[in-house]
file protein_39.txt (compact mmCIF, C-alpha atoms and all ligand atoms)
# COMPACT_ATOMS: atom_id res chain seq x y z
CA MET L 568 81.79 117.94 84.64
CA GLU L 569 84.59 120.18 86.02
CA ASP L 570 82.25 123.13 85.36
CA TYR L 571 79.60 121.71 87.65
CA TYR L 572 82.09 121.83 90.54
CA LEU L 573 83.48 125.20 89.53
CA GLY L 574 79.84 126.41 89.56
CA TRP L 575 79.56 125.90 93.33
CA LEU L 576 79.92 129.62 93.97
CA GLU L 577 76.83 130.25 91.81
CA GLN L 578 75.00 127.50 93.70
CA VAL L 579 75.77 129.26 96.99
CA GLU L 580 74.61 132.60 95.51
CA LYS L 581 71.38 131.01 94.29
CA ALA L 582 70.77 129.49 97.73
CA LEU L 583 71.33 132.90 99.33
CA SER L 584 68.89 134.55 96.93
CA ILE L 585 66.04 132.30 98.15
CA TRP L 586 67.00 132.32 101.85
CA GLY L 587 63.78 132.62 103.90
CA CYS L 588 61.55 131.38 101.05
CA CYS L 589 60.01 128.49 102.90
CA ARG L 590 59.29 127.57 106.53
CA VAL L 591 57.71 124.81 108.57
CA ASP L 592 55.72 125.27 111.77
CA ILE L 593 56.82 122.46 114.00
CA GLU L 594 59.03 121.96 117.03
CA PRO L 595 60.17 118.53 115.95
CA ARG L 596 61.04 115.68 118.25
CA LEU L 597 63.49 114.51 115.57
CA ILE L 598 64.81 115.85 112.26
CA VAL L 599 64.98 113.00 109.76
CA ILE L 600 66.92 113.35 106.50
CA THR L 601 66.41 110.74 103.79
CA GLY L 602 68.10 110.27 100.42
CA MET L 603 70.55 108.06 98.55
CA GLY L 604 74.05 108.59 97.08
CA GLY L 605 74.78 112.21 96.18
CA SER L 606 71.46 113.23 97.75
CA GLY L 607 72.04 110.97 100.77
CA CYS L 608 75.25 112.69 101.78
CA ILE L 609 73.25 115.85 102.65
CA GLY L 610 72.05 114.10 105.81
CA ASP L 611 75.65 113.33 106.80
CA TYR L 612 76.64 116.97 106.35
CA VAL L 613 73.69 118.38 108.29
CA TYR L 614 74.40 115.88 111.09
CA ALA L 615 78.10 116.86 111.16
CA LEU L 616 77.25 120.58 111.24
CA ALA L 617 74.61 120.13 113.96
CA SER L 618 76.93 118.02 116.09
CA THR L 619 79.52 120.79 116.17
CA ARG L 620 76.96 123.39 117.40
CA LYS L 621 76.66 123.54 121.17
CA TYR L 622 73.29 125.35 121.05
CA PHE L 623 71.54 122.97 118.66
CA LYS L 624 69.45 120.50 120.65
CA CYS L 625 67.26 118.59 118.18
CA PRO L 626 68.49 115.07 117.32
CA ILE L 627 69.13 114.31 113.66
CA PHE L 628 68.48 110.90 112.17
CA ILE L 629 69.72 109.86 108.73
CA VAL L 630 67.90 107.35 106.51
CA LYS L 631 69.71 105.96 103.45
CA SER L 632 67.27 103.18 102.73
CA HIS L 633 63.80 102.42 101.37
CA LYS L 634 62.72 101.68 104.95
CA LEU L 635 61.65 104.37 107.37
CA PRO L 636 62.30 103.14 110.93
CA SER L 637 59.08 102.48 112.85
CA PHE L 638 59.83 105.09 115.56
CA ILE L 639 59.49 107.96 113.04
CA ASN L 640 56.05 109.55 113.33
CA GLU L 641 53.93 112.72 113.13
CA LYS L 642 56.11 114.48 115.76
CA ASP L 643 59.05 114.47 113.34
CA LEU L 644 60.23 116.74 110.54
CA VAL L 645 61.31 114.66 107.54
CA PHE L 646 63.43 116.03 104.68
CA ILE L 647 63.01 113.99 101.50
CA ILE L 648 66.00 114.60 99.21
CA SER L 649 66.40 113.23 95.71
CA TYR L 650 68.10 115.23 92.98
CA SER L 651 66.24 113.43 90.18
CA GLY L 652 63.04 113.17 92.20
CA ASN L 653 62.65 109.57 91.05
CA THR L 654 64.97 107.44 93.20
CA LEU L 655 62.85 104.51 94.29
CA GLU L 656 64.23 104.11 97.81
CA THR L 657 63.48 107.79 98.49
CA ARG L 658 59.98 107.52 96.97
CA HIS L 659 59.31 104.66 99.39
CA THR L 660 60.35 106.73 102.44
CA TYR L 661 58.41 109.75 101.13
CA LEU L 662 55.14 107.83 100.78
CA GLU L 663 55.64 106.09 104.12
CA ALA L 664 56.34 109.45 105.86
CA LEU L 665 53.14 110.81 104.25
CA ARG L 666 51.16 107.82 105.56
CA ARG L 667 52.54 108.47 109.05
CA LYS L 668 51.58 112.17 108.81
CA CYS L 669 55.13 113.43 109.40
CA SER L 670 55.88 117.09 108.60
CA LEU L 671 57.56 116.87 105.22
CA VAL L 672 59.93 118.99 103.14
CA VAL L 673 60.99 117.93 99.63
CA ILE L 674 64.28 118.95 98.01
CA THR L 675 64.58 117.93 94.37
CA SER L 676 65.16 119.23 90.86
CA ASN L 677 62.47 117.33 89.03
CA GLY L 678 60.53 114.09 88.64
CA PHE L 679 57.87 112.38 90.71
CA LEU L 680 58.79 114.16 93.95
CA GLU L 681 58.51 117.62 92.45
CA ARG L 682 55.12 116.84 90.87
CA ASP L 683 53.71 115.14 93.93
CA ALA L 684 54.94 117.77 96.41
CA LYS L 685 53.38 120.53 94.28
CA GLN L 686 50.11 118.64 94.00
CA LYS L 687 49.93 118.04 97.76
CA ASN L 688 51.19 121.50 98.68
CA ILE L 689 54.18 120.12 100.57
CA PRO L 690 57.04 122.59 101.28
CA LEU L 691 59.42 122.22 98.35
CA ILE L 692 62.75 123.65 97.22
CA THR L 693 63.55 123.00 93.58
CA VAL L 694 67.27 123.05 92.79
CA THR L 695 69.01 123.64 89.43
CA ARG L 696 68.15 120.95 86.88
CA GLY L 697 70.41 119.11 84.46
CA ILE L 698 73.65 118.65 86.40
CA ALA L 699 75.03 115.45 88.00
CA PRO L 700 73.19 114.82 91.31
CA ARG L 701 76.42 114.66 93.35
CA THR L 702 77.53 118.05 92.03
CA ALA L 703 74.39 119.74 93.41
CA LEU L 704 75.75 119.32 96.95
CA PRO L 705 75.84 123.03 97.94
CA GLU L 706 72.35 123.82 96.67
CA MET L 707 70.75 120.77 98.30
CA LEU L 708 72.63 121.23 101.58
CA LEU L 709 71.86 124.96 101.78
CA ALA L 710 68.19 124.27 100.98
CA VAL L 711 67.94 122.19 104.17
CA LEU L 712 69.89 124.75 106.23
CA ASN L 713 67.73 127.55 104.80
CA ILE L 714 64.45 125.91 105.83
CA LEU L 715 65.80 125.05 109.28
CA ASP L 716 67.06 128.60 109.84
CA THR L 717 63.83 130.18 108.58
CA SER L 718 61.82 127.88 110.84
CA GLY L 719 63.74 128.83 114.02
CA LEU L 720 65.87 125.66 114.01
CA THR L 721 69.14 127.32 113.04
CA ILE L 722 72.20 125.17 112.50
CA VAL L 723 73.83 127.58 110.04
CA SER L 724 72.71 131.20 109.65
CA ARG L 725 72.42 133.26 106.48
CA ASP L 726 75.47 135.30 107.60
CA GLU L 727 77.56 132.15 107.75
CA VAL L 728 76.48 131.28 104.22
CA GLU L 729 77.55 134.80 103.16
CA ASP L 730 80.96 134.04 104.71
CA LEU L 731 81.02 130.77 102.79
CA ARG L 732 80.34 132.64 99.54
CA ARG L 733 83.28 134.99 100.17
CA PHE L 734 85.51 132.09 101.19
CA LEU L 735 84.72 130.04 98.06
CA LYS L 736 85.29 133.07 95.83
CA GLU L 737 88.75 133.57 97.34
CA ASN L 738 89.72 129.91 97.35
CA MET L 739 88.27 128.42 94.15
CA ALA L 740 91.55 128.62 92.21
CA LYS L 741 93.56 127.23 95.15
CA ALA L 742 91.14 124.32 95.47
CA TYR L 743 91.45 123.60 91.76
CA ASN L 744 95.26 123.50 91.86
CA GLU L 745 95.36 121.40 95.02
CA ALA L 746 92.84 118.96 93.49
CA MET L 747 95.04 118.51 90.41
CA GLU L 748 97.99 117.57 92.68
CA ILE L 749 95.85 115.08 94.61
CA ALA L 750 94.71 113.42 91.37
CA GLN L 751 98.31 113.16 90.09
CA PHE L 752 99.41 111.66 93.40
CA ILE L 753 96.70 108.96 93.30
CA TYR L 754 97.24 108.29 89.59
CA SER L 755 101.00 107.90 89.85
CA ASN L 756 100.82 105.51 92.84
CA LYS L 757 97.84 103.42 91.64
CA GLY L 758 97.20 101.69 94.97
CA THR L 759 93.68 101.25 96.26
CA LEU L 760 92.74 104.52 97.89
CA ILE L 761 92.37 104.93 101.65
CA ILE L 762 90.80 108.15 102.89
CA ALA L 763 91.85 108.62 106.51
CA THR L 764 90.31 111.32 108.67
CA HIS L 765 89.12 112.10 112.18
CA THR L 766 85.72 112.98 113.66
CA PRO L 767 83.70 115.14 113.00
CA LEU L 768 84.89 114.86 109.38
CA GLU L 769 83.47 111.40 108.69
CA ALA L 770 80.85 112.95 106.37
CA LEU L 771 83.70 114.22 104.22
CA ALA L 772 85.40 110.80 104.13
CA ILE L 773 82.15 109.15 102.99
CA ARG L 774 81.59 111.90 100.44
CA GLY L 775 85.16 111.50 99.14
CA LYS L 776 84.71 107.74 98.86
CA ASN L 777 81.52 108.23 96.86
CA GLU L 778 83.14 110.82 94.60
CA PHE L 779 86.09 108.56 93.71
CA ASN L 780 83.66 105.63 93.27
CA GLU L 781 81.31 107.49 90.93
CA ASN L 782 83.63 109.86 89.08
CA SER L 783 86.91 107.88 88.94
CA LYS L 784 85.35 104.37 89.02
CA ILE L 785 87.56 102.96 91.79
CA PRO L 786 86.80 101.28 95.13
CA VAL L 787 87.87 103.26 98.21
CA LYS L 788 88.39 102.39 101.86
CA ILE L 789 87.81 104.89 104.66
CA ASP L 790 89.52 105.00 108.08
CA VAL L 791 87.87 107.39 110.53
CA ALA L 792 89.72 108.02 113.79
CA PRO L 793 89.28 107.38 116.66
CA GLU L 794 87.00 104.44 115.69
CA CYS L 795 89.52 103.06 113.15
CA ALA L 796 92.04 102.75 115.99
CA HIS L 797 89.77 100.04 117.41
CA ASN L 798 89.50 97.83 114.32
CA ASP L 799 91.01 98.99 110.98
CA ILE L 800 94.48 99.34 112.48
CA VAL L 801 94.47 95.62 113.23
CA GLY L 802 93.56 94.95 109.60
CA TRP L 803 96.67 96.91 108.59
CA GLU L 804 98.81 94.33 110.45
CA ASN L 805 98.41 91.74 107.70
CA PRO L 806 96.42 92.75 104.56
CA PHE L 807 96.31 90.45 101.46
CA THR L 808 97.92 93.21 99.40
CA ASP L 809 100.24 96.11 100.19
CA LYS L 810 99.18 98.19 97.18
CA TRP L 811 97.42 101.08 98.95
CA THR L 812 97.59 104.86 98.63
CA VAL L 813 96.64 107.09 101.55
CA LEU L 814 94.96 110.49 101.57
CA GLU L 815 94.96 111.92 105.09
CA ILE L 816 92.42 114.71 105.60
CA VAL L 817 92.78 116.81 108.73
CA ASP L 818 91.37 119.92 110.30
CA PRO L 819 94.60 121.82 111.18
CA ARG L 820 92.82 123.48 114.14
CA ASP L 821 91.76 120.18 115.71
CA SER L 822 94.70 119.27 117.95
CA ILE L 823 93.30 115.88 118.97
CA GLY L 824 92.34 115.04 115.38
CA LEU L 825 95.89 115.90 114.30
CA LYS L 826 97.42 113.65 116.96
CA ILE L 827 95.20 110.67 116.09
CA ILE L 828 95.97 111.00 112.39
CA ASP L 829 99.69 111.24 113.28
CA PHE L 830 99.30 107.92 115.05
CA MET L 831 97.63 106.40 111.95
CA ASP L 832 100.32 107.99 109.79
CA LYS L 833 103.01 105.95 111.57
CA ILE L 834 101.09 102.74 110.85
CA TYR L 835 100.78 103.54 107.12
CA ARG L 836 104.45 104.59 107.02
CA GLU L 837 105.60 101.31 108.57
CA LYS L 838 103.84 99.62 105.64
CA ARG L 839 105.52 102.08 103.22
CA TYR L 840 102.19 103.22 101.75
CA PRO L 841 102.47 106.53 99.86
CA ILE L 842 100.74 109.28 101.87
CA LYS L 843 99.41 112.72 101.02
CA LYS L 844 98.16 114.96 103.82
CA ILE L 845 95.40 117.51 103.13
CA LEU L 846 95.05 120.38 105.61
CA LEU L 847 91.52 121.72 105.16
CA LYS L 848 91.32 125.44 104.47
CA GLY L 849 88.62 127.55 106.10
CA GLU L 850 87.79 129.42 109.25
CA TYR L 851 84.52 127.63 110.09
CA PHE L 852 83.43 124.02 109.88
CA LEU L 853 81.00 124.68 106.98
CA GLN L 854 83.85 126.24 104.98
CA LYS L 855 86.16 123.32 105.74
CA LEU L 856 83.51 120.78 104.74
CA LEU L 857 82.78 122.53 101.45
CA TYR L 858 86.45 123.17 100.67
CA GLY L 859 87.22 119.47 101.26
CA SER L 860 84.22 118.43 99.14
CA LEU L 861 85.34 120.66 96.29
CA LEU L 862 88.88 119.26 96.45
CA LEU L 863 87.73 115.66 96.41
CA GLY L 864 85.14 116.28 93.70
CA LEU L 865 87.60 118.00 91.37
CA ALA L 866 90.37 115.48 92.15
CA SER L 867 88.05 112.55 91.37
CA VAL L 868 87.09 114.10 88.02
CA LYS L 869 90.74 114.77 87.16
CA LEU L 870 91.66 111.19 88.09
CA ALA L 871 88.94 109.96 85.71
CA ARG L 872 90.41 112.14 82.94
CA LEU L 873 93.94 110.81 83.63
CA ARG L 874 92.52 107.28 83.32
CA GLY L 875 90.62 108.11 80.11
CA ILE L 876 87.27 107.52 81.84
CA ASN L 877 84.04 109.53 81.58
CA PRO L 878 83.43 110.92 85.11
CA LEU L 879 79.79 111.76 84.44
CA GLU L 880 78.54 108.36 83.39
CA THR L 881 77.58 105.94 86.19
CA LYS L 882 76.64 102.80 84.20
CA ASN L 883 76.17 100.45 87.11
CA ILE L 884 73.90 102.89 88.97
CA SER L 885 71.76 103.16 85.82
CA LYS L 886 71.69 99.36 85.54
CA TYR L 887 70.62 99.12 89.21
CA LYS L 888 67.95 101.81 88.80
CA SER L 889 66.48 99.98 85.79
CA ARG L 890 66.04 96.83 87.92
CA VAL L 891 65.29 98.26 91.37
CA HIS L 892 61.49 98.13 90.84
CA ASP L 893 61.76 94.33 90.59
CA ILE L 894 63.80 94.25 93.80
CA LEU L 895 61.89 96.69 96.02
CA GLY L 896 58.45 96.59 94.39
CA GLN L 897 56.20 99.62 93.83
CA PRO L 898 56.22 102.14 96.70
O1 LIG Y 901 75.45 111.33 92.32
C1 LIG Y 901 74.79 110.44 91.77
O2 LIG Y 901 74.62 110.41 90.54
C2 LIG Y 901 74.14 109.35 92.60
O3 LIG Y 901 74.85 109.13 93.78
C3 LIG Y 901 72.69 109.75 92.90
O4 LIG Y 901 72.67 110.85 93.76
C4 LIG Y 901 71.92 108.57 93.53
O5 LIG Y 901 71.83 107.50 92.60
C5 LIG Y 901 70.52 108.96 93.96
O6 LIG Y 901 69.87 109.64 92.93
P1 LIG Y 901 69.12 111.00 93.24
O7 LIG Y 901 70.15 111.93 93.80
O8 LIG Y 901 68.59 111.46 91.92
O9 LIG Y 901 68.05 110.65 94.21
call {"tool": "encode", "arguments": {"input": "protein_39.txt", "output": "structure tokens"}}
result
Amino acid sequence: MEDYYLGWLEQVEKALSIWGCCRVDIEPRLIVITGMGGSGCIGDYVYALASTRKYFKCPIFIVKSHKLPSFINEKDLVFIISYSGNTLETRHTYLEALRRKCSLVVITSNGFLERDAKQKNIPLITVTRGIAPRTALPEMLLAVLNILDTSGLTIVSRDEVEDLRRFLKENMAKAYNEAMEIAQFIYSNKGTLIIATHTPLEALAIRGKNEFNENSKIPVKIDVAPECAHNDIVGWENPFTDKWTVLEIVDPRDSIGLKIIDFMDKIYREKRYPIKKILLKGEYFLQKLLYGSLLLGLASVKLARLRGINPLETKNISKYKSRVHDILGQP
């Protein structure tokens, strides 16, 4: 499993090698990104990247559900993302988007979505097969950014992805070592994990939560400032338990973000919760997001190893997927 994360540089290189392969001819009213779990976080990342670009004007809407909101229609560009190509919620949104004649793009490695998109001649990017869905983050994310850039809807350019490649090459070993320290810190304290961060890094907090859920098999709470200063901080006045461990993730160049997390830091310190602060490496936001994702992915795998747990296996997701047809019905 560690190798899947350490293979992120190759994923970036593969994405670069197919840059420009596929385009869509639409000036969309809305860009919709659908998917669940490891595939669902792609929407969060694209949203975060777009929201930090002053020149990008098209609204982005994320769907992590079997239901496609009724306002989505043929004026919209809909990305359907499912690593396996079989996730039922995503198949539901795919077929509904087809019925509504939306412009579609499919990103998958296999399964129903790959077959159906080929049959219907729908723009498709097929990513590397046979790895854990959540570890295909760079390839799936860059597939979306590739199609947007090639179609004149640039959020991230090919040059920026080249910079990302260089950055990952230089920082892979550092990320690995830092991840090992994070895992040791969480393992030795054994409190329920809180990931505290500031906007626009909420995508990273959600991703980190999911990584520790799926790889390390632990529940995780996230506090995202400034919103958490309007609710979560009151919860910290009187929790049922004081067994918590805090990972603070900050962008060292974001002066407001730093100050808000400093404020949160004082609240955690008053409660004597152990705290580890992560300063994200990277020049640009894409680099920071991917560096943080790599850290949290590797740390969550290491924590699983320290606990004697298999990080790859996600038994309860498999159990859910074997029953979800009975719950949602056929798409
Ligand atoms: O990373 C995982 O294994 C999960 O979060 C999956 O991504 C999730 O169950 C959805 O499956 P898929 O990505 O194949 O659509």
call {"tool": "residues_near_ligand", "arguments": {"input": "protein_39.txt", "ligand": "ligand LIG 901 (chain Y)", "cutoff": "6 Å", "atoms": "only C-alpha atoms and all ligand atoms", "output": "list in words"}}
result
Met603, Gly604, Gly605, Ser606, Ser649, Tyr650, Ser651, Gly652, Thr654, Ala699, Pro700 and Arg701 of chain L
call {"tool": "closest_residue", "arguments": {"input": "protein_39.txt", "among": "L:Glu594, L:Leu691, L:Lys685, L:Gly875", "to": "Gly719 in chain L", "atoms": "all atoms listed in the file"}}
result
L:Glu594
call {"tool": "atom_distance", "arguments": {"input": "protein_39.txt", "atom1": "CA of Ile761 in chain L", "atom2": "CA of Thr812 in chain L"}}
result
6.0 Å
call {"tool": "atom_distance", "arguments": {"input": "protein_39.txt", "atom1": "CA of Ile722 in chain L", "atom2": "CA of Asp592 in chain L"}}
result
16.5 Å
call {"tool": "closest_residue", "arguments": {"input": "protein_39.txt", "among": "L:Arg820, L:Lys581, L:Arg774, L:Arg890", "to": "Met707 in chain L", "atoms": "all atoms listed in the file"}}
result
L:Lys581
call {"tool": "decode", "arguments": {"input": "protein_39.txt", "residues": "range 824-852 of chain L", "atoms": "N, CA, C and O atoms", "output": "CSV table (one decimal), in the first residue's frame"}}
result
chain,number,residue,atom,x,y,z
L,824,GLY,N,-5.0,32.5,8.1
L,824,GLY,CA,-5.1,31.1,8.5
L,824,GLY,C,-4.3,30.8,9.7
L,824,GLY,O,-4.7,30.1,10.6
L,825,LEU,N,-3.0,31.3,9.7
L,825,LEU,CA,-2.1,31.0,10.8
L,825,LEU,C,-2.7,31.6,12.1
L,825,LEU,O,-2.6,30.9,13.2
L,826,LYS,N,-3.2,32.8,12.0
L,826,LYS,CA,-3.7,33.4,13.3
L,826,LYS,C,-5.0,32.7,13.8
L,826,LYS,O,-5.1,32.5,15.0
L,827,ILE,N,-5.8,32.2,12.9
L,827,ILE,CA,-7.0,31.5,13.4
L,827,ILE,C,-6.6,30.2,14.0
L,827,ILE,O,-7.2,29.8,15.0
L,828,ILE,N,-5.7,29.5,13.4
L,828,ILE,CA,-5.3,28.2,14.0
L,828,ILE,C,-4.6,28.5,15.3
L,828,ILE,O,-4.7,27.7,16.2
L,829,ASP,N,-3.8,29.6,15.4
L,829,ASP,CA,-3.2,29.9,16.7
L,829,ASP,C,-4.3,30.1,17.8
L,829,ASP,O,-4.1,29.7,18.9
L,830,PHE,N,-5.4,30.7,17.4
L,830,PHE,CA,-6.5,30.9,18.3
L,830,PHE,C,-7.1,29.5,18.8
L,830,PHE,O,-7.2,29.2,20.0
L,831,MET,N,-7.3,28.6,17.8
L,831,MET,CA,-7.7,27.2,18.1
L,831,MET,C,-6.7,26.5,19.0
L,831,MET,O,-7.1,25.8,19.9
L,832,ASP,N,-5.5,26.7,18.7
L,832,ASP,CA,-4.4,26.1,19.4
L,832,ASP,C,-4.5,26.3,20.9
L,832,ASP,O,-4.3,25.4,21.7
L,833,LYS,N,-4.8,27.6,21.2
L,833,LYS,CA,-4.9,28.0,22.7
L,833,LYS,C,-6.0,27.2,23.3
L,833,LYS,O,-5.9,26.7,24.5
L,834,ILE,N,-7.1,27.0,22.6
L,834,ILE,CA,-8.3,26.2,23.1
L,834,ILE,C,-7.9,24.8,23.4
L,834,ILE,O,-8.1,24.2,24.4
L,835,TYR,N,-7.2,24.1,22.4
L,835,TYR,CA,-6.7,22.7,22.6
L,835,TYR,C,-5.7,22.7,23.7
L,835,TYR,O,-5.7,21.7,24.5
L,836,ARG,N,-4.9,23.7,23.8
L,836,ARG,CA,-3.8,23.7,24.9
L,836,ARG,C,-4.4,23.8,26.3
L,836,ARG,O,-4.0,23.1,27.2
L,837,GLU,N,-5.4,24.6,26.4
L,837,GLU,CA,-6.1,24.7,27.7
L,837,GLU,C,-6.6,23.4,28.1
L,837,GLU,O,-6.7,23.1,29.3
L,838,LYS,N,-7.1,22.6,27.2
L,838,LYS,CA,-7.6,21.2,27.5
L,838,LYS,C,-6.5,20.2,27.6
L,838,LYS,O,-6.7,19.0,27.9
L,839,ARG,N,-5.2,20.6,27.4
L,839,ARG,CA,-4.0,19.8,27.4
L,839,ARG,C,-4.1,18.6,26.4
L,839,ARG,O,-3.6,17.5,26.7
L,840,TYR,N,-4.7,18.9,25.2
L,840,TYR,CA,-4.6,17.8,24.2
L,840,TYR,C,-3.3,17.9,23.5
L,840,TYR,O,-2.8,19.0,23.2
L,841,PRO,N,-2.7,16.7,23.2
L,841,PRO,CA,-1.4,16.8,22.5
L,841,PRO,C,-1.6,17.3,21.1
L,841,PRO,O,-2.6,17.0,20.4
L,842,ILE,N,-0.7,18.2,20.6
L,842,ILE,CA,-0.8,18.9,19.4
L,842,ILE,C,0.4,18.7,18.5
L,842,ILE,O,1.5,18.8,19.0
L,843,LYS,N,0.2,18.4,17.2
L,843,LYS,CA,1.3,18.4,16.3
L,843,LYS,C,0.9,19.4,15.1
L,843,LYS,O,-0.2,19.2,14.5
L,844,LYS,N,1.8,20.3,14.8
L,844,LYS,CA,1.5,21.3,13.8
L,844,LYS,C,2.2,20.9,12.5
L,844,LYS,O,3.4,20.6,12.5
L,845,ILE,N,1.5,20.9,11.4
L,845,ILE,CA,2.1,20.5,10.1
L,845,ILE,C,2.1,21.8,9.2
L,845,ILE,O,1.0,22.4,9.0
L,846,LEU,N,3.3,22.2,8.8
L,846,LEU,CA,3.4,23.4,7.9
L,846,LEU,C,3.5,22.8,6.5
L,846,LEU,O,4.5,22.1,6.2
L,847,LEU,N,2.5,23.1,5.6
L,847,LEU,CA,2.5,22.5,4.3
L,847,LEU,C,3.6,23.0,3.4
L,847,LEU,O,3.8,24.2,3.3
L,848,LYS,N,4.4,22.1,2.9
L,848,LYS,CA,5.5,22.5,1.9
L,848,LYS,C,4.8,22.8,0.6
L,848,LYS,O,3.8,22.3,0.2
L,849,GLY,N,5.5,23.6,-0.2
L,849,GLY,CA,5.1,23.9,-1.6
L,849,GLY,C,5.0,25.4,-1.8
L,849,GLY,O,4.7,26.2,-0.9
L,850,GLU,N,5.2,25.7,-3.1
L,850,GLU,CA,5.1,27.1,-3.5
L,850,GLU,C,3.7,27.5,-3.9
L,850,GLU,O,3.2,28.5,-3.5
L,851,TYR,N,3.0,26.6,-4.6
L,851,TYR,CA,1.6,26.8,-5.1
L,851,TYR,C,0.6,26.0,-4.4
L,851,TYR,O,1.0,24.9,-3.8
L,852,PHE,N,-0.6,26.4,-4.5
L,852,PHE,CA,-1.7,25.7,-3.8
L,852,PHE,C,-1.8,24.2,-4.2
L,852,PHE,O,-2.0,23.3,-3.3
